[in-house]
file run.tsv (TSV, C-alpha atoms)
chain	number	residue	atom	x	y	z
A	24	PRO	CA	35.69	-245.94	-20.42
A	25	PHE	CA	35.11	-244.70	-16.85
A	26	LEU	CA	37.77	-241.99	-16.74
A	27	CYS	CA	37.48	-241.01	-20.41
A	28	PRO	CA	33.84	-241.22	-21.63
A	29	ASN	CA	33.88	-240.99	-25.42
A	30	ARG	CA	30.58	-239.14	-25.91
A	31	PRO	CA	28.91	-235.73	-25.48
A	32	LEU	CA	27.40	-234.71	-22.14
A	33	GLY	CA	23.84	-235.84	-21.65
A	34	ASN	CA	21.20	-235.24	-19.01
A	35	LEU	CA	22.82	-234.30	-15.68
A	36	LEU	CA	20.99	-236.93	-13.60
A	37	VAL	CA	21.95	-239.59	-16.13
A	38	GLU	CA	25.58	-238.47	-16.08
A	39	LYS	CA	25.65	-238.60	-12.28
A	40	ALA	CA	24.16	-242.10	-12.34
A	41	HIS	CA	26.76	-243.22	-14.92
A	42	PHE	CA	29.49	-241.91	-12.65
A	43	ILE	CA	28.21	-243.67	-9.51
A	44	VAL	CA	27.89	-247.01	-11.30
A	45	GLY	CA	31.30	-246.63	-12.94
A	46	LEU	CA	32.93	-245.59	-9.68
A	47	LEU	CA	31.60	-248.57	-7.74
A	48	MET	CA	32.54	-251.04	-10.48
A	49	THR	CA	36.04	-249.59	-10.78
A	50	ILE	CA	36.64	-249.65	-7.02
A	51	ILE	CA	35.48	-253.25	-6.82
A	52	ARG	CA	37.80	-254.20	-9.68
A	53	LEU	CA	40.87	-252.10	-8.87
A	54	GLY	CA	40.50	-250.66	-5.35
A	55	THR	CA	40.55	-247.02	-4.30
A	56	GLY	CA	44.36	-246.74	-4.28
A	57	ARG	CA	44.86	-247.76	-7.90
A	58	LEU	CA	41.94	-245.63	-9.02
A	59	ARG	CA	43.39	-242.56	-7.26
A	60	GLU	CA	46.76	-243.11	-8.91
A	61	ALA	CA	45.20	-243.62	-12.33
A	62	ALA	CA	43.15	-240.45	-11.98
A	63	LEU	CA	45.74	-238.09	-10.46
A	64	MET	CA	49.20	-239.19	-11.56
A	65	GLY	CA	48.92	-237.85	-15.10
A	66	GLN	CA	48.97	-239.95	-18.26
A	67	TYR	CA	50.52	-239.91	-21.73
A	68	VAL	CA	48.36	-242.45	-23.56
A	69	TYR	CA	44.87	-241.01	-24.12
A	70	PRO	CA	44.91	-237.52	-25.73
A	71	SER	CA	41.22	-236.97	-24.96
A	72	GLY	CA	41.52	-238.26	-21.38
A	73	ILE	CA	41.92	-236.38	-18.11
A	74	TYR	CA	45.35	-235.01	-17.18
A	75	PHE	CA	46.92	-235.84	-20.54
A	76	GLY	CA	50.56	-234.73	-20.42
A	77	GLY	CA	51.02	-234.31	-24.17
A	78	GLN	CA	53.35	-235.95	-26.65
A	79	SER	CA	55.87	-233.12	-26.75
A	80	LEU	CA	56.78	-230.04	-24.74
A	81	GLN	CA	54.27	-227.24	-25.21
A	82	ASP	CA	55.42	-223.70	-26.02
A	83	GLU	CA	54.41	-222.41	-22.59
A	84	THR	CA	56.36	-225.22	-20.92
A	85	ARG	CA	59.50	-224.41	-22.92
A	86	THR	CA	59.11	-220.75	-22.05
A	87	ILE	CA	58.85	-221.31	-18.31
A	88	MET	CA	61.71	-223.83	-18.33
A	89	LYS	CA	63.95	-221.22	-19.95
A	90	LEU	CA	62.75	-218.65	-17.41
A	91	TYR	CA	63.79	-220.94	-14.56
A	92	GLN	CA	67.18	-221.65	-16.14
A	93	ASP	CA	67.88	-217.94	-16.59
A	94	SER	CA	66.58	-217.07	-13.11
A	95	PHE	CA	68.65	-219.70	-11.30
A	96	LYS	CA	71.99	-218.54	-12.75
A	97	GLY	CA	74.34	-216.97	-10.23
A	98	TYR	CA	72.42	-217.95	-7.10
A	99	ARG	CA	73.68	-220.29	-4.41
A	100	ARG	CA	70.34	-220.77	-2.65
A	101	ILE	CA	67.09	-221.23	-4.61
A	102	VAL	CA	63.51	-221.52	-3.34
A	103	HIS	CA	60.60	-222.10	-5.70
A	104	LEU	CA	57.06	-222.38	-4.32
A	105	ASP	CA	54.20	-223.37	-6.63
A	106	LEU	CA	50.68	-222.54	-5.41
A	107	HIS	CA	47.75	-224.82	-6.25
A	108	SER	CA	44.16	-225.26	-5.16
A	109	GLY	CA	42.03	-228.38	-5.36
A	110	TYR	CA	43.36	-231.47	-3.59
A	111	GLY	CA	43.68	-232.06	0.16
A	112	PRO	CA	41.77	-231.13	3.33
A	113	ARG	CA	39.68	-227.99	3.03
A	114	ASP	CA	40.71	-226.41	6.31
A	115	GLN	CA	44.51	-226.75	6.13
A	116	MET	CA	47.10	-226.23	3.43
A	117	THR	CA	49.32	-229.19	2.57
A	118	MET	CA	52.85	-228.57	1.36
A	119	VAL	CA	53.79	-231.30	-1.12
A	120	THR	CA	57.49	-231.96	-1.54
A	121	SER	CA	59.45	-233.55	-4.35
A	122	PRO	CA	60.90	-237.06	-4.05
A	123	HIS	CA	64.22	-235.41	-4.99
A	124	ASP	CA	64.34	-233.73	-1.56
A	125	ASP	CA	66.55	-235.83	0.72
A	126	ARG	CA	64.50	-235.10	3.86
A	127	ASP	CA	61.33	-236.87	4.93
A	128	ALA	CA	58.09	-235.09	5.78
A	129	VAL	CA	58.81	-235.06	9.52
A	130	ALA	CA	62.15	-233.29	9.03
A	131	ILE	CA	60.67	-230.72	6.64
A	132	LYS	CA	57.82	-229.94	9.06
A	133	ARG	CA	60.38	-229.39	11.81
A	134	ASP	CA	62.70	-227.27	9.65
A	135	TYR	CA	59.95	-224.94	8.42
A	136	HIS	CA	57.44	-225.11	11.33
A	137	LEU	CA	54.58	-226.29	9.10
A	138	GLU	CA	51.31	-228.03	9.97
A	139	ARG	CA	51.01	-230.45	7.06
A	140	VAL	CA	53.77	-231.78	4.81
A	141	ALA	CA	53.45	-234.71	2.42
A	142	GLY	CA	55.69	-236.28	-0.17
A	143	ALA	CA	54.48	-236.75	-3.73
A	144	ASN	CA	53.87	-240.48	-3.30
A	145	PRO	CA	50.79	-242.72	-2.86
A	146	GLU	CA	51.36	-243.20	0.87
A	147	GLU	CA	51.40	-239.50	1.79
A	148	PHE	CA	49.62	-237.64	-1.04
A	149	TYR	CA	49.71	-238.92	-4.61
A	150	SER	CA	52.38	-239.49	-7.24
A	151	MET	CA	52.83	-237.16	-10.19
A	152	HIS	CA	54.45	-237.73	-13.57
A	153	GLY	CA	56.10	-234.74	-15.20
A	154	ASP	CA	56.04	-232.40	-12.20
A	155	MET	CA	58.02	-229.21	-12.83
A	156	ASN	CA	59.56	-229.28	-9.35
A	157	ASP	CA	61.27	-232.59	-10.09
A	158	TRP	CA	62.75	-231.12	-13.27
A	159	GLU	CA	64.03	-228.12	-11.30
A	160	TYR	CA	65.92	-230.36	-8.88
A	161	GLU	CA	67.50	-232.19	-11.81
A	162	LEU	CA	68.34	-228.88	-13.50
A	163	VAL	CA	70.13	-227.52	-10.44
A	164	ARG	CA	72.08	-230.71	-9.81
A	165	GLU	CA	73.17	-230.91	-13.43
A	166	LYS	CA	73.79	-227.25	-14.35
A	167	TYR	CA	74.34	-225.53	-10.99
A	168	PRO	CA	75.86	-228.19	-8.70
A	169	ARG	CA	77.17	-225.61	-6.23
A	170	ALA	CA	73.66	-224.29	-5.57
A	171	SER	CA	70.97	-225.66	-3.25
A	172	ILE	CA	67.27	-225.76	-4.12
A	173	PHE	CA	64.04	-226.26	-2.26
A	174	ALA	CA	61.00	-226.59	-4.53
A	175	ALA	CA	57.53	-227.56	-3.32
A	176	ASN	CA	53.82	-227.13	-3.97
A	177	PHE	CA	51.28	-225.48	-1.70
A	178	GLU	CA	48.00	-227.38	-2.05
A	179	PHE	CA	44.93	-225.55	-0.74
A	180	GLY	CA	42.13	-228.11	-0.51
A	181	THR	CA	38.67	-227.08	-1.71
A	182	TYR	CA	36.19	-229.99	-1.64
A	183	GLY	CA	38.06	-231.78	1.15
A	184	ASN	CA	39.77	-235.16	1.41
A	185	SER	CA	36.97	-237.49	2.53
A	186	PHE	CA	35.92	-240.34	0.23
A	187	LEU	CA	32.82	-238.43	-0.87
A	188	ALA	CA	34.83	-235.25	-1.47
A	189	GLU	CA	37.38	-237.11	-3.57
A	190	ALA	CA	34.57	-238.77	-5.54
A	191	ARG	CA	33.02	-235.35	-6.17
A	192	SER	CA	36.38	-234.02	-7.38
A	193	LEU	CA	36.87	-236.97	-9.72
A	194	ARG	CA	33.32	-236.63	-11.06
A	195	ILE	CA	33.69	-232.99	-12.03
A	196	THR	CA	37.14	-233.61	-13.52
A	197	ILE	CA	35.72	-236.31	-15.77
A	198	LEU	CA	32.63	-234.31	-16.72
A	199	LYS	CA	34.60	-231.12	-17.41
A	200	ASN	CA	36.96	-232.99	-19.71
A	201	GLN	CA	33.99	-234.67	-21.39
A	202	LYS	CA	32.43	-231.23	-22.00
A	203	ASN	CA	35.69	-229.81	-23.35
A	204	GLN	CA	36.18	-232.73	-25.73
A	205	PHE	CA	32.65	-233.47	-26.93
A	206	GLU	CA	30.37	-230.64	-25.67
A	207	GLY	CA	26.75	-231.82	-25.35
A	208	SER	CA	23.84	-230.63	-23.20
A	209	PRO	CA	24.06	-226.82	-22.54
A	210	ALA	CA	22.22	-227.18	-19.21
A	211	THR	CA	24.56	-229.91	-17.99
A	212	GLY	CA	27.54	-227.95	-19.30
A	213	ALA	CA	26.53	-224.87	-17.30
A	214	TRP	CA	26.31	-226.96	-14.10
A	215	VAL	CA	29.70	-228.50	-14.88
A	216	ASP	CA	31.32	-225.08	-15.28
A	217	ARG	CA	29.94	-223.86	-11.94
A	218	GLU	CA	31.01	-227.01	-10.13
A	219	TYR	CA	34.46	-226.87	-11.74
A	220	CYS	CA	34.97	-223.27	-10.57
A	221	GLU	CA	34.10	-224.37	-7.04
A	222	LEU	CA	36.79	-227.05	-7.26
A	223	TYR	CA	39.53	-224.44	-7.74
A	224	LEU	CA	38.13	-221.20	-6.28
A	225	PRO	CA	35.33	-221.71	-3.74
A	226	GLU	CA	32.94	-218.80	-3.25
A	227	GLU	CA	33.06	-219.05	0.55
A	228	LEU	CA	34.99	-216.05	1.92
A	229	ALA	CA	36.14	-218.00	5.00
A	230	TRP	CA	37.98	-220.45	2.72
A	231	PHE	CA	39.95	-217.66	1.05
A	232	GLU	CA	40.77	-216.02	4.37
A	233	LYS	CA	42.16	-219.31	5.73
A	234	VAL	CA	44.19	-219.78	2.53
A	235	GLN	CA	45.89	-216.43	3.14
A	236	ILE	CA	46.66	-217.28	6.77
A	237	ASP	CA	48.17	-220.65	5.83
A	238	ALA	CA	50.20	-219.15	2.98
A	239	ARG	CA	51.66	-216.38	5.14
A	240	GLU	CA	52.66	-218.85	7.86
A	241	ALA	CA	54.28	-221.15	5.31
A	242	PHE	CA	56.19	-218.33	3.60
A	243	GLN	CA	57.44	-217.17	6.98
A	244	GLY	CA	58.57	-220.63	8.07
A	245	ILE	CA	60.27	-221.50	4.78
A	246	LEU	CA	62.06	-218.18	4.30
A	247	GLU	CA	63.30	-218.32	7.89
A	248	GLY	CA	64.36	-221.95	7.52
A	249	GLU	CA	66.24	-221.13	4.32
A	250	LYS	CA	67.92	-218.12	6.00
A	251	PHE	CA	66.41	-215.49	3.71
A	252	ILE	CA	64.87	-213.66	6.68
A	253	GLN	CA	65.47	-213.66	10.43
call {"tool": "encode", "arguments": {"input": "run.tsv", "output": "structure tokens"}}
result
Amino acid sequence: PFLCPNRPLGNLLVEKAHFIVGLLMTIIRLGTGRLREAALMGQYVYPSGIYFGGQSLQDETRTIMKLYQDSFKGYRRIVHLDLHSGYGPRDQMTMVTSPHDDRDAVAIKRDYHLERVAGANPEEFYSMHGDMNDWEYELVREKYPRASIFAANFEFGTYGNSFLAEARSLRITILKNQKNQFEGSPATGAWVDREYCELYLPEELAWFEKVQIDAREAFQGILEGEKFIQ
């Protein structure tokens, strides 16, 4: 009921109050760690809930999986970098690695000269079900065993990673899904759309400039570490 409200959007102040009460009650009952995992890991039970992974492969997923299979053929060294915005500290990119990588975060930071590296697990970042990078590692080991692969996500934080920032992120994720599923108040819906855009593409120019700096440094370190450039 907290993560998947089964009703149209109402008055914005009322929706915010519902969220605060639900958040506090859920934290008291489950703790922040279990709530974070439930919200971010992805789920395959509630079709109208947040981060629903589907009951079968979608057409776009099949298409991109075939693209990867065709693209990987004939190569001995493969690097795939997936760029995201949303989660993590606002002022520094986090590179999130797959649990299929044999190295720990300290070794990867050293190899690629990166500021922040985290594994996709609850201790370092958060766990994910159905991540494409994990499938790519399995694909290479099964179909192209003579090749090596490094696949990771760049996460450019927007709201930040404080408790209040994470609560804000969860609130807009719930409200945006609620709007998509059940619609409701146009005024509240307009606020939700603006807030949701800010979650993934902040208007502040300084944020975008820092994103570009972090991305360039990461590309340089990874491509040098993987011997693509000197």
call {"tool": "residues_around", "arguments": {"input": "run.tsv", "residues": "segment 43-57 of chain A", "least_positions_apart": "5", "cutoff": "9 Å", "atoms": "all atoms listed in the file", "output": "ChimeraX atom specification"}}
result
/A:24-26,38,62,145,190,194
call {"tool": "residues_near_point", "arguments": {"input": "run.tsv", "point": "(38.1, -219.0, 5.6)", "cutoff": "12 Å", "atoms": "all atoms listed in the file", "output": "list in words"}}
result
Arg113, Asp114, Gln115, Met116, Phe179, Gly180, Thr181, Pro225, Glu226, Glu227, Leu228, Ala229, Trp230, Phe231, Glu232, Lys233, Val234, Gln235, Ile236 and Asp237 of chain A
call {"tool": "write_last_selection", "arguments": {"input": "run.tsv", "atoms": "C-alpha atoms", "output": "PDB file, in the frame of the given file"}}
result
ATOM      1  CA  ARG A 113      39.680-227.990   3.030  1.00  0.00           C
ATOM      2  CA  ASP A 114      40.710-226.410   6.310  1.00  0.00           C
ATOM      3  CA  GLN A 115      44.510-226.750   6.130  1.00  0.00           C
ATOM      4  CA  MET A 116      47.100-226.230   3.430  1.00  0.00           C
ATOM      5  CA  PHE A 179      44.930-225.550  -0.740  1.00  0.00           C
ATOM      6  CA  GLY A 180      42.130-228.110  -0.510  1.00  0.00           C
ATOM      7  CA  THR A 181      38.670-227.080  -1.710  1.00  0.00           C
ATOM      8  CA  PRO A 225      35.330-221.710  -3.740  1.00  0.00           C
ATOM      9  CA  GLU A 226      32.940-218.800  -3.250  1.00  0.00           C
ATOM     10  CA  GLU A 227      33.060-219.050   0.550  1.00  0.00           C
ATOM     11  CA  LEU A 228      34.990-216.050   1.920  1.00  0.00           C
ATOM     12  CA  ALA A 229      36.140-218.000   5.000  1.00  0.00           C
ATOM     13  CA  TRP A 230      37.980-220.450   2.720  1.00  0.00           C
ATOM     14  CA  PHE A 231      39.950-217.660   1.050  1.00  0.00           C
ATOM     15  CA  GLU A 232      40.770-216.020   4.370  1.00  0.00           C
ATOM     16  CA  LYS A 233      42.160-219.310   5.730  1.00  0.00           C
ATOM     17  CA  VAL A 234      44.190-219.780   2.530  1.00  0.00           C
ATOM     18  CA  GLN A 235      45.890-216.430   3.140  1.00  0.00           C
ATOM     19  CA  ILE A 236      46.660-217.280   6.770  1.00  0.00           C
ATOM     20  CA  ASP A 237      48.170-220.650   5.830  1.00  0.00           C
TER      21      ASP A 237
END
call {"tool": "closest_residue", "arguments": {"input": "run.tsv", "among": "A:Ile245, A:Ile87, A:Leu32, A:Ala213", "to": "Lys132 of chain A", "atoms": "all atoms listed in the file"}}
result
A:Ile245
call {"tool": "closest_residue", "arguments": {"input": "run.tsv", "among": "A:Ala175, A:Met155, A:Leu35, A:Ile101", "to": "Ala210 of chain A", "atoms": "all atoms listed in the file"}}
result
A:Leu35
call {"tool": "residues_around", "arguments": {"input": "run.tsv", "residues": "Gln204 of chain A", "least_positions_apart": "2", "cutoff": "8 Å", "atoms": "only C-alpha atoms", "output": "number ranges by chain"}}
result
A: 31, 71, 200-202, 206
call {"tool": "closest_residue", "arguments": {"input": "run.tsv", "among": "A:His107, A:Asn156, A:Phe95, A:Leu193", "to": "Leu224 of chain A", "atoms": "all atoms listed in the file"}}
result
A:His107
call {"tool": "atom_distance", "arguments": {"input": "run.tsv", "atom1": "atom CA of Asp154 of chain A", "atom2": "atom CA of Lys96 of chain A"}}
result
21.1 Å
call {"tool": "residues_around", "arguments": {"input": "run.tsv", "residues": "Gly111 of chain A", "least_positions_apart": "5", "cutoff": "10 Å", "atoms": "all atoms listed in the file", "output": "list in words"}}
result
Met116, Thr117, Met118, Phe148, Glu178, Phe179, Gly180, Thr181, Tyr182, Gly183, Asn184, Ser185, Ala188 and Glu189 of chain A
call {"tool": "atom_distance", "arguments": {"input": "run.tsv", "atom1": "atom CA of Arg126 of chain A", "atom2": "atom CA of Leu90 of chain A"}}
result
26.9 Å
call {"tool": "closest_residue", "arguments": {"input": "run.tsv", "among": "A:Val68, A:Ile73, A:Cys220, A:Leu36", "to": "Asn203 of chain A", "atoms": "all atoms listed in the file"}}
result
A:Ile73
call {"tool": "closest_residue", "arguments": {"input": "run.tsv", "among": "A:His123, A:Arg133, A:Lys89, A:Arg30", "to": "Tyr160 of chain A", "atoms": "all atoms listed in the file"}}
result
A:His123
call {"tool": "atom_distance", "arguments": {"input": "run.tsv", "atom1": "atom CA of Arg169 of chain A", "atom2": "atom CA of Asp105 of chain A"}}
result
23.1 Å
call {"tool": "closest_residue", "arguments": {"input": "run.tsv", "among": "A:Pro168, A:Lys199, A:Arg100, A:Phe173", "to": "Val119 of chain A", "atoms": "all atoms listed in the file"}}
result
A:Phe173
call {"tool": "axis_aligned_box", "arguments": {"input": "run.tsv", "around": "segment 85-88 of chain A", "padding_each_side": "4 Å", "output": "AutoDock Vina command-line options"}}
result
--center_x 60.3 --center_y -222.6 --center_z -20.6 --size_x 10.9 --size_y 11.7 --size_z 12.6
call {"tool": "residues_around", "arguments": {"input": "run.tsv", "residues": "Ala128 of chain A", "least_positions_apart": "4", "cutoff": "7 Å", "atoms": "only C-alpha atoms", "output": "PyMOL selection string"}}
result
chain A and resi 132+140-142
call {"tool": "write_last_selection", "arguments": {"input": "run.tsv", "atoms": "C-alpha atoms", "output": "PDB file, in the coordinates of the input"}}
result
ATOM      1  CA  LYS A 132      57.820-229.940   9.060  1.00  0.00           C
ATOM      2  CA  VAL A 140      53.770-231.780   4.810  1.00  0.00           C
ATOM      3  CA  ALA A 141      53.450-234.710   2.420  1.00  0.00           C
ATOM      4  CA  GLY A 142      55.690-236.280  -0.170  1.00  0.00           C
TER       5      GLY A 142
END
call {"tool": "residues_near_point", "arguments": {"input": "run.tsv", "point": "(26.4, -228.6, -14.2)", "cutoff": "10 Å", "atoms": "only C-alpha atoms", "output": "PDB file with C-alpha atoms, in the coordinates of the input"}}
result
ATOM      1  CA  ASN A  34      21.200-235.240 -19.010  1.00  0.00           C
ATOM      2  CA  LEU A  35      22.820-234.300 -15.680  1.00  0.00           C
ATOM      3  CA  LEU A  36      20.990-236.930 -13.600  1.00  0.00           C
ATOM      4  CA  ILE A 195      33.690-232.990 -12.030  1.00  0.00           C
ATOM      5  CA  LEU A 198      32.630-234.310 -16.720  1.00  0.00           C
ATOM      6  CA  LYS A 199      34.600-231.120 -17.410  1.00  0.00           C
ATOM      7  CA  SER A 208      23.840-230.630 -23.200  1.00  0.00           C
ATOM      8  CA  PRO A 209      24.060-226.820 -22.540  1.00  0.00           C
ATOM      9  CA  ALA A 210      22.220-227.180 -19.210  1.00  0.00           C
ATOM     10  CA  THR A 211      24.560-229.910 -17.990  1.00  0.00           C
ATOM     11  CA  GLY A 212      27.540-227.950 -19.300  1.00  0.00           C
ATOM     12  CA  ALA A 213      26.530-224.870 -17.300  1.00  0.00           C
ATOM     13  CA  TRP A 214      26.310-226.960 -14.100  1.00  0.00           C
ATOM     14  CA  VAL A 215      29.700-228.500 -14.880  1.00  0.00           C
ATOM     15  CA  ASP A 216      31.320-225.080 -15.280  1.00  0.00           C
ATOM     16  CA  ARG A 217      29.940-223.860 -11.940  1.00  0.00           C
ATOM     17  CA  GLU A 218      31.010-227.010 -10.130  1.00  0.00           C
ATOM     18  CA  TYR A 219      34.460-226.870 -11.740  1.00  0.00           C
TER      19      TYR A 219
END
call {"tool": "decode", "arguments": {"input": "run.tsv", "residues": "segment 88-106 of chain A", "atoms": "N, CA and C atoms", "output": "mmCIF file, in the first residue's frame"}}
result
data_model
loop_
_atom_site.group_PDB
_atom_site.id
_atom_site.type_symbol
_atom_site.label_atom_id
_atom_site.label_comp_id
_atom_site.auth_asym_id
_atom_site.auth_seq_id
_atom_site.Cartn_x
_atom_site.Cartn_y
_atom_site.Cartn_z
ATOM 1 N N MET A 88 19.199 -6.976 -26.814
ATOM 2 C CA MET A 88 19.968 -8.189 -26.530
ATOM 3 C C MET A 88 20.579 -8.759 -27.810
ATOM 4 N N LYS A 89 19.812 -8.752 -28.887
ATOM 5 C CA LYS A 89 20.341 -9.231 -30.174
ATOM 6 C C LYS A 89 21.442 -8.304 -30.672
ATOM 7 N N LEU A 90 21.260 -6.998 -30.465
ATOM 8 C CA LEU A 90 22.289 -6.035 -30.859
ATOM 9 C C LEU A 90 23.599 -6.324 -30.143
ATOM 10 N N TYR A 91 23.534 -6.591 -28.831
ATOM 11 C CA TYR A 91 24.743 -6.905 -28.086
ATOM 12 C C TYR A 91 25.386 -8.194 -28.589
ATOM 13 N N GLN A 92 24.566 -9.220 -28.823
ATOM 14 C CA GLN A 92 25.122 -10.490 -29.304
ATOM 15 C C GLN A 92 25.846 -10.302 -30.631
ATOM 16 N N ASP A 93 25.226 -9.559 -31.547
ATOM 17 C CA ASP A 93 25.851 -9.329 -32.849
ATOM 18 C C ASP A 93 27.106 -8.468 -32.720
ATOM 19 N N SER A 94 27.069 -7.483 -31.821
ATOM 20 C CA SER A 94 28.187 -6.547 -31.672
ATOM 21 C C SER A 94 29.393 -7.203 -31.009
ATOM 22 N N PHE A 95 29.166 -8.169 -30.142
ATOM 23 C CA PHE A 95 30.268 -8.783 -29.406
ATOM 24 C C PHE A 95 31.050 -9.794 -30.244
ATOM 25 N N LYS A 96 30.443 -10.299 -31.323
ATOM 26 C CA LYS A 96 31.087 -11.344 -32.120
ATOM 27 C C LYS A 96 32.419 -10.854 -32.691
ATOM 28 N N GLY A 97 33.447 -11.693 -32.556
ATOM 29 C CA GLY A 97 34.724 -11.400 -33.183
ATOM 30 C C GLY A 97 35.651 -10.523 -32.374
ATOM 31 N N TYR A 98 35.224 -10.090 -31.188
ATOM 32 C CA TYR A 98 36.075 -9.211 -30.385
ATOM 33 C C TYR A 98 36.616 -9.956 -29.167
ATOM 34 N N ARG A 99 37.863 -9.683 -28.851
ATOM 35 C CA ARG A 99 38.504 -10.335 -27.709
ATOM 36 C C ARG A 99 38.400 -9.493 -26.448
ATOM 37 N N ARG A 100 38.174 -8.197 -26.594
ATOM 38 C CA ARG A 100 38.072 -7.312 -25.430
ATOM 39 C C ARG A 100 36.848 -6.426 -25.619
ATOM 40 N N ILE A 101 35.915 -6.475 -24.663
ATOM 41 C CA ILE A 101 34.632 -5.783 -24.776
ATOM 42 C C ILE A 101 34.450 -4.863 -23.580
ATOM 43 N N VAL A 102 34.061 -3.621 -23.838
ATOM 44 C CA VAL A 102 33.704 -2.671 -22.781
ATOM 45 C C VAL A 102 32.322 -2.116 -23.093
ATOM 46 N N HIS A 103 31.429 -2.195 -22.129
ATOM 47 C CA HIS A 103 30.096 -1.621 -22.295
ATOM 48 C C HIS A 103 29.794 -0.736 -21.089
ATOM 49 N N LEU A 104 29.548 0.549 -21.342
ATOM 50 C CA LEU A 104 29.275 1.511 -20.277
ATOM 51 C C LEU A 104 27.871 2.062 -20.458
ATOM 52 N N ASP A 105 27.063 1.947 -19.423
ATOM 53 C CA ASP A 105 25.655 2.336 -19.447
ATOM 54 C C ASP A 105 25.497 3.582 -18.580
ATOM 55 N N LEU A 106 25.001 4.667 -19.163
ATOM 56 C CA LEU A 106 24.940 5.948 -18.448
ATOM 57 C C LEU A 106 23.545 6.187 -17.886
#
